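Structure file start34.pdb (PDB, N, CA and C atoms) follows.
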ATOM      1  N   MET A   1       0.807  -1.190   0.000
ATOM      2  CA  MET A   1       0.000   0.000   0.000
ATOM      3  C   MET A   1       0.860   1.266   0.000
ATOM      4  N   VAL A   2       2.007   1.225   0.670
ATOM      5  CA  VAL A   2       2.877   2.401   0.723
ATOM      6  C   VAL A   2       3.305   2.800  -0.685
ATOM      7  N   GLU A   3       3.593   1.811  -1.519
ATOM      8  CA  GLU A   3       4.017   2.110  -2.886
ATOM      9  C   GLU A   3       2.892   2.817  -3.646
ATOM     10  N   TYR A   4       1.660   2.385  -3.432
ATOM     11  CA  TYR A   4       0.512   3.016  -4.074
ATOM     12  C   TYR A   4       0.358   4.460  -3.597
ATOM     13  N   ILE A   5       0.508   4.675  -2.305
ATOM     14  CA  ILE A   5       0.407   6.033  -1.756
ATOM     15  C   ILE A   5       1.478   6.916  -2.374
ATOM     16  N   LYS A   6       2.685   6.395  -2.493
ATOM     17  CA  LYS A   6       3.766   7.183  -3.087
ATOM     18  C   LYS A   6       3.499   7.470  -4.555
ATOM     19  N   LEU A   7       2.927   6.505  -5.255
ATOM     20  CA  LEU A   7       2.621   6.693  -6.669
ATOM     21  C   LEU A   7       1.598   7.807  -6.864
ATOM     22  N   ILE A   8       0.496   7.751  -6.134
ATOM     23  CA  ILE A   8      -0.517   8.793  -6.307
ATOM     24  C   ILE A   8      -0.159  10.077  -5.566
ATOM     25  N   GLY A   9       0.688   9.967  -4.556
ATOM     26  CA  GLY A   9       1.085  11.146  -3.793
ATOM     27  C   GLY A   9       1.908  12.126  -4.591
ATOM     28  N   ASN A  10       2.548  11.649  -5.630
ATOM     29  CA  ASN A  10       3.349  12.539  -6.480
ATOM     30  C   ASN A  10       2.491  13.411  -7.382
ATOM     31  N   ASP A  11       1.204  13.128  -7.458
ATOM     32  CA  ASP A  11       0.270  13.947  -8.227
ATOM     33  C   ASP A  11      -0.148  15.121  -7.344
ATOM     34  N   ILE A  12       0.281  16.309  -7.697
ATOM     35  CA  ILE A  12       0.030  17.464  -6.824
ATOM     36  C   ILE A  12      -1.441  17.845  -6.741
ATOM     37  N   SER A  13      -2.288  17.245  -7.568
ATOM     38  CA  SER A  13      -3.707  17.590  -7.517
ATOM     39  C   SER A  13      -4.500  16.699  -6.549
ATOM     40  N   ILE A  14      -3.826  15.798  -5.855
ATOM     41  CA  ILE A  14      -4.525  14.922  -4.911
ATOM     42  C   ILE A  14      -5.022  15.740  -3.721
ATOM     43  N   GLU A  15      -6.284  15.573  -3.403
ATOM     44  CA  GLU A  15      -6.885  16.224  -2.242
ATOM     45  C   GLU A  15      -7.076  15.166  -1.164
ATOM     46  N   TRP A  16      -6.255  15.216  -0.133
ATOM     47  CA  TRP A  16      -6.281  14.201   0.921
ATOM     48  C   TRP A  16      -7.404  14.419   1.922
ATOM     49  N   GLU A  17      -7.976  15.607   1.962
ATOM     50  CA  GLU A  17      -8.966  15.931   2.993
ATOM     51  C   GLU A  17     -10.399  15.716   2.528
ATOM     52  N   VAL A  18     -10.612  14.796   1.621
ATOM     53  CA  VAL A  18     -11.954  14.450   1.170
ATOM     54  C   VAL A  18     -12.539  13.440   2.156
ATOM     55  N   PHE A  19     -13.811  13.632   2.506
ATOM     56  CA  PHE A  19     -14.484  12.738   3.440
ATOM     57  C   PHE A  19     -15.295  11.696   2.674
ATOM     58  N   ASP A  20     -15.257  10.452   3.167
ATOM     59  CA  ASP A  20     -16.064   9.394   2.555
ATOM     60  C   ASP A  20     -17.477   9.431   3.150
ATOM     61  N   THR A  21     -18.284   8.434   2.839
ATOM     62  CA  THR A  21     -19.672   8.435   3.302
ATOM     63  C   THR A  21     -19.799   8.271   4.820
ATOM     64  N   TRP A  22     -18.738   7.839   5.475
ATOM     65  CA  TRP A  22     -18.742   7.744   6.936
ATOM     66  C   TRP A  22     -18.076   8.955   7.576
ATOM     67  N   ASN A  23     -17.744   9.939   6.739
ATOM     68  CA  ASN A  23     -17.112  11.183   7.168
ATOM     69  C   ASN A  23     -15.680  10.970   7.666
ATOM     70  N   TRP A  24     -14.965  10.039   7.030
ATOM     71  CA  TRP A  24     -13.571   9.771   7.350
ATOM     72  C   TRP A  24     -12.700  10.196   6.176
ATOM     73  N   THR A  25     -11.479  10.643   6.488
ATOM     74  CA  THR A  25     -10.485  10.899   5.448
ATOM     75  C   THR A  25      -9.655   9.631   5.243
ATOM     76  N   VAL A  26      -8.836   9.644   4.216
ATOM     77  CA  VAL A  26      -7.965   8.490   3.965
ATOM     78  C   VAL A  26      -6.995   8.301   5.141
ATOM     79  N   LEU A  27      -6.558   9.393   5.759
ATOM     80  CA  LEU A  27      -5.669   9.281   6.919
ATOM     81  C   LEU A  27      -6.399   8.661   8.112
ATOM     82  N   ASP A  28      -7.664   8.986   8.295
ATOM     83  CA  ASP A  28      -8.445   8.369   9.369
ATOM     84  C   ASP A  28      -8.493   6.852   9.187
ATOM     85  N   ARG A  29      -8.749   6.403   7.960
ATOM     86  CA  ARG A  29      -8.815   4.964   7.663
ATOM     87  C   ARG A  29      -7.464   4.296   7.889
ATOM     88  N   ALA A  30      -6.397   4.947   7.435
ATOM     89  CA  ALA A  30      -5.059   4.379   7.622
ATOM     90  C   ALA A  30      -4.710   4.321   9.110
ATOM     91  N   ALA A  31      -5.091   5.346   9.865
ATOM     92  CA  ALA A  31      -4.815   5.361  11.304
ATOM     93  C   ALA A  31      -5.536   4.219  12.013
ATOM     94  N   ALA A  32      -6.755   3.940  11.601
ATOM     95  CA  ALA A  32      -7.547   2.895  12.240
ATOM     96  C   ALA A  32      -7.114   1.500  11.806
ATOM     97  N   PHE A  33      -6.866   1.314  10.513
ATOM     98  CA  PHE A  33      -6.698  -0.039   9.975
ATOM     99  C   PHE A  33      -5.386  -0.282   9.246
ATOM    100  N   GLY A  34      -4.551   0.745   9.109
ATOM    101  CA  GLY A  34      -3.331   0.619   8.324
ATOM    102  C   GLY A  34      -2.090   0.393   9.156
ATOM    103  N   THR A  35      -0.966   0.726   8.552
ATOM    104  CA  THR A  35       0.330   0.567   9.200
ATOM    105  C   THR A  35       0.953   1.932   9.473
ATOM    106  N   GLY A  36       1.954   1.929  10.301
ATOM    107  CA  GLY A  36       2.690   3.157  10.565
ATOM    108  C   GLY A  36       3.340   3.713   9.308
ATOM    109  N   ASP A  37       3.846   2.832   8.459
ATOM    110  CA  ASP A  37       4.460   3.276   7.202
ATOM    111  C   ASP A  37       3.446   3.950   6.291
ATOM    112  N   GLU A  38       2.237   3.431   6.251
ATOM    113  CA  GLU A  38       1.196   4.046   5.424
ATOM    114  C   GLU A  38       0.830   5.429   5.956
ATOM    115  N   VAL A  39       0.698   5.546   7.248
ATOM    116  CA  VAL A  39       0.385   6.845   7.856
ATOM    117  C   VAL A  39       1.518   7.833   7.591
ATOM    118  N   GLU A  40       2.760   7.400   7.762
ATOM    119  CA  GLU A  40       3.892   8.292   7.498
ATOM    120  C   GLU A  40       3.924   8.743   6.041
ATOM    121  N   ALA A  41       3.610   7.851   5.116
ATOM    122  CA  ALA A  41       3.584   8.217   3.698
ATOM    123  C   ALA A  41       2.497   9.256   3.429
ATOM    124  N   LEU A  42       1.324   9.054   3.984
ATOM    125  CA  LEU A  42       0.247  10.027   3.796
ATOM    126  C   LEU A  42       0.619  11.391   4.374
ATOM    127  N   LEU A  43       1.231  11.389   5.536
ATOM    128  CA  LEU A  43       1.665  12.647   6.151
ATOM    129  C   LEU A  43       2.726  13.332   5.306
ATOM    130  N   MET A  44       3.632  12.546   4.742
ATOM    131  CA  MET A  44       4.689  13.098   3.893
ATOM    132  C   MET A  44       4.103  13.814   2.673
ATOM    133  N   PHE A  45       2.987  13.302   2.162
ATOM    134  CA  PHE A  45       2.374  13.894   0.979
ATOM    135  C   PHE A  45       1.296  14.918   1.305
ATOM    136  N   GLY A  46       1.168  15.285   2.569
ATOM    137  CA  GLY A  46       0.307  16.403   2.917
ATOM    138  C   GLY A  46      -1.009  16.095   3.587
ATOM    139  N   ALA A  47      -1.278  14.844   3.935
ATOM    140  CA  ALA A  47      -2.499  14.562   4.693
ATOM    141  C   ALA A  47      -2.386  15.265   6.042
ATOM    142  N   ASN A  48      -3.471  15.851   6.484
ATOM    143  CA  ASN A  48      -3.462  16.668   7.689
ATOM    144  C   ASN A  48      -3.968  15.867   8.896
ATOM    145  N   PRO A  49      -3.102  15.620   9.898
ATOM    146  CA  PRO A  49      -3.535  14.850  11.063
ATOM    147  C   PRO A  49      -4.498  15.610  11.975
ATOM    148  N   ALA A  50      -4.668  16.902  11.736
ATOM    149  CA  ALA A  50      -5.554  17.708  12.577
ATOM    150  C   ALA A  50      -6.959  17.851  11.995
ATOM    151  N   THR A  51      -7.216  17.254  10.840
ATOM    152  CA  THR A  51      -8.551  17.332  10.246
ATOM    153  C   THR A  51      -9.554  16.647  11.167
ATOM    154  N   ILE A  52     -10.661  17.322  11.404
ATOM    155  CA  ILE A  52     -11.673  16.834  12.347
ATOM    156  C   ILE A  52     -12.837  16.203  11.590
ATOM    157  N   ALA A  53     -13.188  14.988  12.001
ATOM    158  CA  ALA A  53     -14.316  14.278  11.413
ATOM    159  C   ALA A  53     -15.509  14.329  12.365
ATOM    160  N   LEU A  54     -16.645  14.648  11.829
ATOM    161  CA  LEU A  54     -17.880  14.659  12.609
ATOM    162  C   LEU A  54     -18.468  13.254  12.612
ATOM    163  N   PRO A  55     -19.317  12.884  13.480
ATOM    164  CA  PRO A  55     -20.002  13.721  14.461
ATOM    165  C   PRO A  55     -19.249  13.852  15.785
ATOM    166  N   LEU A  56     -18.239  13.006  16.038
ATOM    167  CA  LEU A  56     -17.568  13.038  17.339
ATOM    168  C   LEU A  56     -16.410  14.018  17.421
ATOM    169  N   ARG A  57     -16.080  14.673  16.307
ATOM    170  CA  ARG A  57     -14.972  15.629  16.233
ATOM    171  C   ARG A  57     -13.637  14.931  16.499
ATOM    172  N   TRP A  58     -13.454  13.800  15.833
ATOM    173  CA  TRP A  58     -12.233  13.022  15.982
ATOM    174  C   TRP A  58     -11.225  13.361  14.906
ATOM    175  N   THR A  59      -9.949  13.288  15.278
ATOM    176  CA  THR A  59      -8.848  13.363  14.324
ATOM    177  C   THR A  59      -8.397  11.934  14.021
ATOM    178  N   SER A  60      -7.413  11.812  13.159
ATOM    179  CA  SER A  60      -6.887  10.481  12.846
ATOM    180  C   SER A  60      -6.311   9.818  14.095
ATOM    181  N   LEU A  61      -5.771  10.599  15.013
ATOM    182  CA  LEU A  61      -5.238  10.047  16.260
ATOM    183  C   LEU A  61      -6.348   9.385  17.083
ATOM    184  N   HIS A  62      -7.498   9.999  17.134
ATOM    185  CA  HIS A  62      -8.636   9.398  17.845
ATOM    186  C   HIS A  62      -9.001   8.047  17.234
ATOM    187  N   HIS A  63      -8.988   7.965  15.898
ATOM    188  CA  HIS A  63      -9.315   6.707  15.226
ATOM    189  C   HIS A  63      -8.286   5.625  15.565
ATOM    190  N   ALA A  64      -7.019   5.998  15.582
ATOM    191  CA  ALA A  64      -5.973   5.027  15.939
ATOM    192  C   ALA A  64      -6.201   4.497  17.353
ATOM    193  N   VAL A  65      -6.550   5.387  18.265
ATOM    194  CA  VAL A  65      -6.779   4.993  19.659
ATOM    195  C   VAL A  65      -8.007   4.092  19.767
ATOM    196  N   PHE A  66      -9.129   4.493  19.184
ATOM    197  CA  PHE A  66     -10.357   3.719  19.305
ATOM    198  C   PHE A  66     -10.205   2.311  18.726
ATOM    199  N   TYR A  67      -9.508   2.201  17.611
ATOM    200  CA  TYR A  67      -9.344   0.886  16.974
ATOM    201  C   TYR A  67      -8.115   0.136  17.492
ATOM    202  N   GLY A  68      -7.404   0.717  18.443
ATOM    203  CA  GLY A  68      -6.300   0.023  19.096
ATOM    204  C   GLY A  68      -5.087  -0.197  18.214
ATOM    205  N   ASN A  69      -4.868   0.692  17.265
ATOM    206  CA  ASN A  69      -3.739   0.545  16.357
ATOM    207  C   ASN A  69      -2.520   1.251  16.960
ATOM    208  N   LEU A  70      -1.784   0.507  17.765
ATOM    209  CA  LEU A  70      -0.634   1.066  18.474
ATOM    210  C   LEU A  70       0.419   1.600  17.505
ATOM    211  N   GLU A  71       0.638   0.908  16.408
ATOM    212  CA  GLU A  71       1.663   1.320  15.446
ATOM    213  C   GLU A  71       1.353   2.701  14.857
ATOM    214  N   THR A  72       0.128   2.927  14.440
ATOM    215  CA  THR A  72      -0.198   4.236  13.867
ATOM    216  C   THR A  72      -0.344   5.291  14.967
ATOM    217  N   PHE A  73      -0.796   4.876  16.127
ATOM    218  CA  PHE A  73      -0.868   5.789  17.274
ATOM    219  C   PHE A  73       0.503   6.381  17.568
ATOM    220  N   LEU A  74       1.533   5.533  17.581
ATOM    221  CA  LEU A  74       2.887   6.003  17.898
ATOM    222  C   LEU A  74       3.423   6.974  16.855
ATOM    223  N   VAL A  75       2.997   6.824  15.616
ATOM    224  CA  VAL A  75       3.389   7.791  14.579
ATOM    225  C   VAL A  75       2.675   9.116  14.826
ATOM    226  N   LEU A  76       1.377   9.057  15.014
ATOM    227  CA  LEU A  76       0.567  10.275  15.111
ATOM    228  C   LEU A  76       0.746  11.042  16.414
ATOM    229  N   ILE A  77       1.197  10.383  17.469
ATOM    230  CA  ILE A  77       1.374  11.063  18.752
ATOM    231  C   ILE A  77       2.658  11.895  18.792
ATOM    232  N   ASP A  78       3.475  11.757  17.772
ATOM    233  CA  ASP A  78       4.733  12.505  17.689
ATOM    234  C   ASP A  78       4.451  14.003  17.821
ATOM    235  N   PRO A  79       5.201  14.705  18.673
ATOM    236  CA  PRO A  79       4.963  16.138  18.897
ATOM    237  C   PRO A  79       5.019  16.996  17.626
ATOM    238  N   LYS A  80       5.722  16.541  16.597
ATOM    239  CA  LYS A  80       5.802  17.358  15.371
ATOM    240  C   LYS A  80       4.448  17.492  14.682
ATOM    241  N   TYR A  81       3.476  16.665  15.055
ATOM    242  CA  TYR A  81       2.132  16.769  14.482
ATOM    243  C   TYR A  81       1.184  17.537  15.400
ATOM    244  N   ASN A  82       1.710  18.135  16.452
ATOM    245  CA  ASN A  82       0.943  18.965  17.385
ATOM    246  C   ASN A  82      -0.246  18.243  18.004
ATOM    247  N   ALA A  83      -0.087  16.969  18.228
ATOM    248  CA  ALA A  83      -1.161  16.189  18.843
ATOM    249  C   ALA A  83      -1.247  16.513  20.328
ATOM    250  N   SER A  84      -2.449  16.665  20.800
ATOM    251  CA  SER A  84      -2.658  16.913  22.223
ATOM    252  C   SER A  84      -3.428  15.749  22.823
ATOM    253  N   ILE A  85      -2.855  15.160  23.841
ATOM    254  CA  ILE A  85      -3.560  14.059  24.499
ATOM    255  C   ILE A  85      -4.697  14.581  25.375
ATOM    256  N   HIS A  86      -4.767  15.889  25.532
ATOM    257  CA  HIS A  86      -5.789  16.489  26.382
ATOM    258  C   HIS A  86      -6.983  17.028  25.602
ATOM    259  N   SER A  87      -6.924  16.991  24.272
ATOM    260  CA  SER A  87      -8.059  17.492  23.500
ATOM    261  C   SER A  87      -9.258  16.571  23.715
ATOM    262  N   VAL A  88     -10.433  17.153  23.676
ATOM    263  CA  VAL A  88     -11.650  16.382  23.934
ATOM    264  C   VAL A  88     -12.496  16.288  22.668
ATOM    265  N   ASP A  89     -13.261  15.203  22.585
ATOM    266  CA  ASP A  89     -14.158  15.032  21.449
ATOM    267  C   ASP A  89     -15.517  15.663  21.778
ATOM    268  N   ALA A  90     -16.506  15.417  20.958
ATOM    269  CA  ALA A  90     -17.824  16.030  21.135
ATOM    270  C   ALA A  90     -18.507  15.593  22.429
ATOM    271  N   ARG A  91     -18.082  14.458  22.985
ATOM    272  CA  ARG A  91     -18.657  13.976  24.240
ATOM    273  C   ARG A  91     -17.889  14.477  25.458
ATOM    274  N   GLY A  92     -16.754  15.159  25.216
ATOM    275  CA  GLY A  92     -15.896  15.596  26.308
ATOM    276  C   GLY A  92     -14.867  14.553  26.695
ATOM    277  N   TRP A  93     -14.687  13.526  25.872
ATOM    278  CA  TRP A  93     -13.743  12.451  26.158
ATOM    279  C   TRP A  93     -12.353  12.776  25.617
ATOM    280  N   THR A  94     -11.339  12.439  26.406
ATOM    281  CA  THR A  94      -9.955  12.552  25.955
ATOM    282  C   THR A  94      -9.532  11.236  25.300
ATOM    283  N   LEU A  95      -8.327  11.211  24.768
ATOM    284  CA  LEU A  95      -7.798   9.977  24.191
ATOM    285  C   LEU A  95      -7.736   8.866  25.233
ATOM    286  N   LEU A  96      -7.428   9.216  26.473
ATOM    287  CA  LEU A  96      -7.370   8.214  27.530
ATOM    288  C   LEU A  96      -8.747   7.599  27.784
ATOM    289  N   HIS A  97      -9.791   8.417  27.792
ATOM    290  CA  HIS A  97     -11.149   7.885  27.937
ATOM    291  C   HIS A  97     -11.450   6.883  26.822
ATOM    292  N   ILE A  98     -11.097   7.254  25.601
ATOM    293  CA  ILE A  98     -11.387   6.406  24.441
ATOM    294  C   ILE A  98     -10.615   5.091  24.530
ATOM    295  N   ALA A  99      -9.328   5.172  24.844
ATOM    296  CA  ALA A  99      -8.506   3.960  24.954
ATOM    297  C   ALA A  99      -9.020   3.038  26.051
ATOM    298  N   ALA A 100      -9.345   3.620  27.198
ATOM    299  CA  ALA A 100      -9.822   2.803  28.323
ATOM    300  C   ALA A 100     -11.171   2.164  28.013
ATOM    301  N   SER A 101     -12.084   2.925  27.415
ATOM    302  CA  SER A 101     -13.417   2.379  27.133
ATOM    303  C   SER A 101     -13.364   1.289  26.075
ATOM    304  N   ALA A 102     -12.381   1.372  25.161
ATOM    305  CA  ALA A 102     -12.252   0.361  24.111
ATOM    306  C   ALA A 102     -11.369  -0.809  24.545
ATOM    307  N   GLY A 103     -10.782  -0.715  25.729
ATOM    308  CA  GLY A 103      -9.981  -1.811  26.264
ATOM    309  C   GLY A 103      -8.596  -1.937  25.664
ATOM    310  N   HIS A 104      -8.023  -0.821  25.233
ATOM    311  CA  HIS A 104      -6.692  -0.845  24.630
ATOM    312  C   HIS A 104      -5.641  -0.435  25.667
ATOM    313  N   ASP A 105      -5.233  -1.425  26.461
ATOM    314  CA  ASP A 105      -4.348  -1.188  27.598
ATOM    315  C   ASP A 105      -3.009  -0.577  27.208
ATOM    316  N   ALA A 106      -2.405  -1.052  26.127
ATOM    317  CA  ALA A 106      -1.075  -0.558  25.740
ATOM    318  C   ALA A 106      -1.132   0.931  25.409
ATOM    319  N   ILE A 107      -2.161   1.330  24.706
ATOM    320  CA  ILE A 107      -2.310   2.757  24.364
ATOM    321  C   ILE A 107      -2.614   3.565  25.619
ATOM    322  N   ALA A 108      -3.486   3.051  26.468
ATOM    323  CA  ALA A 108      -3.818   3.752  27.714
ATOM    324  C   ALA A 108      -2.573   3.942  28.575
ATOM    325  N   ARG A 109      -1.741   2.897  28.698
ATOM    326  CA  ARG A 109      -0.508   3.007  29.472
ATOM    327  C   ARG A 109       0.428   4.040  28.861
ATOM    328  N   HIS A 110       0.517   4.063  27.536
ATOM    329  CA  HIS A 110       1.374   5.053  26.881
ATOM    330  C   HIS A 110       0.866   6.479  27.164
ATOM    331  N   LEU A 111      -0.436   6.669  27.103
ATOM    332  CA  LEU A 111      -0.998   7.987  27.384
ATOM    333  C   LEU A 111      -0.770   8.422  28.832
ATOM    334  N   LEU A 112      -0.808   7.470  29.752
ATOM    335  CA  LEU A 112      -0.564   7.786  31.160
ATOM    336  C   LEU A 112       0.897   8.115  31.428
ATOM    337  N   SER A 113       1.777   7.566  30.620
ATOM    338  CA  SER A 113       3.203   7.831  30.845
ATOM    339  C   SER A 113       3.560   9.189  30.312
TER     340      SER A 113
END
Mind converting the file's structure to structure tokens?
Amino acid sequence: MVEYIKLIGNDISIEWEVFDTWNWTVLDRAAAFGTGDEVEALLMFGANPATIALPLRWTSLHHAVFYGNLETFLVLIDPKYNASIHSVDARGWTLLHIAASAGHDAIARHLLS
């Protein structure tokens, strides 16, 4: 998949912030179900990790946490992407609330550290 992202990423007319029918961007999907390499490739080509998806006002980092994707979580939590572990979603939940409610202990422990 990384090779495909690199192939289409070289097209400067690609719009990464398009929402699908579930109101997710391609970065949201990669964060939830992809690999760290795929997320890094999308970020390299301009996908925005701060794009907010409704209705819960989640970023790609929220999707990584909810789906328990530790590999993509570790990429997106990097300070260079200005991720805040204290930001809240539409329900007032932080990333720690989401990780704990979904039973993702490794992510919850990382957030606590």
* Can you list, as a ChimeraX atom specification, the residues that the PyMOL selection byres (((chain A and resi 60 and name CA) around 12) and name CA) selects here? -> /A:17,23-34,39,42-43,47-54,56-59,61-67,69,72-77,81,83,95
* Asked: DSSP on the backbone: what in segment 48-107 of chain A comes out alpha helix (DSSP H), as a list in words?
  ->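 For segment 48-107 of chain A, the alpha helix (DSSP H) set is Ser60, Leu61, His62, His63, Ala64, Val65, Phe66, Leu70, Glu71, Thr72, Phe73, Leu74, Val75, Leu76, Leu95, Leu96, His97, Ile98, Ala99, Ala100, Ser101, Ala102, Asp105, Ala106 and Ile107 of chain A.
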Just the selected residues (N, CA and C atoms), exported as a compact mmCIF listing (two decimals), keeping the file's coordinate frame, please.
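Below is the file that was written, again15.txt:
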# COMPACT_ATOMS: atom_id res chain seq x y z
N SER A 60 -7.41 11.81 13.16
CA SER A 60 -6.89 10.48 12.85
C SER A 60 -6.31 9.82 14.10
N LEU A 61 -5.77 10.60 15.01
CA LEU A 61 -5.24 10.05 16.26
C LEU A 61 -6.35 9.38 17.08
N HIS A 62 -7.50 10.00 17.13
CA HIS A 62 -8.64 9.40 17.84
C HIS A 62 -9.00 8.05 17.23
N HIS A 63 -8.99 7.96 15.90
CA HIS A 63 -9.32 6.71 15.23
C HIS A 63 -8.29 5.62 15.56
N ALA A 64 -7.02 6.00 15.58
CA ALA A 64 -5.97 5.03 15.94
C ALA A 64 -6.20 4.50 17.35
N VAL A 65 -6.55 5.39 18.26
CA VAL A 65 -6.78 4.99 19.66
C VAL A 65 -8.01 4.09 19.77
N PHE A 66 -9.13 4.49 19.18
CA PHE A 66 -10.36 3.72 19.30
C PHE A 66 -10.20 2.31 18.73
N LEU A 70 -1.78 0.51 17.76
CA LEU A 70 -0.63 1.07 18.47
C LEU A 70 0.42 1.60 17.50
N GLU A 71 0.64 0.91 16.41
CA GLU A 71 1.66 1.32 15.45
C GLU A 71 1.35 2.70 14.86
N THR A 72 0.13 2.93 14.44
CA THR A 72 -0.20 4.24 13.87
C THR A 72 -0.34 5.29 14.97
N PHE A 73 -0.80 4.88 16.13
CA PHE A 73 -0.87 5.79 17.27
C PHE A 73 0.50 6.38 17.57
N LEU A 74 1.53 5.53 17.58
CA LEU A 74 2.89 6.00 17.90
C LEU A 74 3.42 6.97 16.86
N VAL A 75 3.00 6.82 15.62
CA VAL A 75 3.39 7.79 14.58
C VAL A 75 2.68 9.12 14.83
N LEU A 76 1.38 9.06 15.01
CA LEU A 76 0.57 10.28 15.11
C LEU A 76 0.75 11.04 16.41
N LEU A 95 -8.33 11.21 24.77
CA LEU A 95 -7.80 9.98 24.19
C LEU A 95 -7.74 8.87 25.23
N LEU A 96 -7.43 9.22 26.47
CA LEU A 96 -7.37 8.21 27.53
C LEU A 96 -8.75 7.60 27.78
N HIS A 97 -9.79 8.42 27.79
CA HIS A 97 -11.15 7.88 27.94
C HIS A 97 -11.45 6.88 26.82
N ILE A 98 -11.10 7.25 25.60
CA ILE A 98 -11.39 6.41 24.44
C ILE A 98 -10.62 5.09 24.53
N ALA A 99 -9.33 5.17 24.84
CA ALA A 99 -8.51 3.96 24.95
C ALA A 99 -9.02 3.04 26.05
N ALA A 100 -9.35 3.62 27.20
CA ALA A 100 -9.82 2.80 28.32
C ALA A 100 -11.17 2.16 28.01
N SER A 101 -12.08 2.92 27.42
CA SER A 101 -13.42 2.38 27.13
C SER A 101 -13.36 1.29 26.08
N ALA A 102 -12.38 1.37 25.16
CA ALA A 102 -12.25 0.36 24.11
C ALA A 102 -11.37 -0.81 24.54
N ASP A 105 -5.23 -1.42 26.46
CA ASP A 105 -4.35 -1.19 27.60
C ASP A 105 -3.01 -0.58 27.21
N ALA A 106 -2.40 -1.05 26.13
CA ALA A 106 -1.08 -0.56 25.74
C ALA A 106 -1.13 0.93 25.41
N ILE A 107 -2.16 1.33 24.71
CA ILE A 107 -2.31 2.76 24.36
C ILE A 107 -2.61 3.56 25.62
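The space separating atom CA of His104 of chain A from atom C of Glu40 of chain A comes to 23.5 Å.
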Please report, as AutoDock Vina command-line options, the centre and edge lengths in Å to one decimal of an axis-aligned box covering all listed atoms of segment 49-61 of chain A with 6 Å per side.
--center_x -11.6 --center_y 13.6 --center_z 13.7 --size_x 28.9 --size_y 20.5 --size_z 19.5
* Work out how far atom CA of Glu38 of chain A is from atom CA of Ser101 of chain A, in Å to one decimal. =>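 Value for the atom CA of Ser101 of chain A-atom CA of Glu38 of chain A distance: 26.2 Å.
A straight line drawn from atom CA of His110 of chain A to atom CA of Gly46 of chain A is 26.5 Å long.
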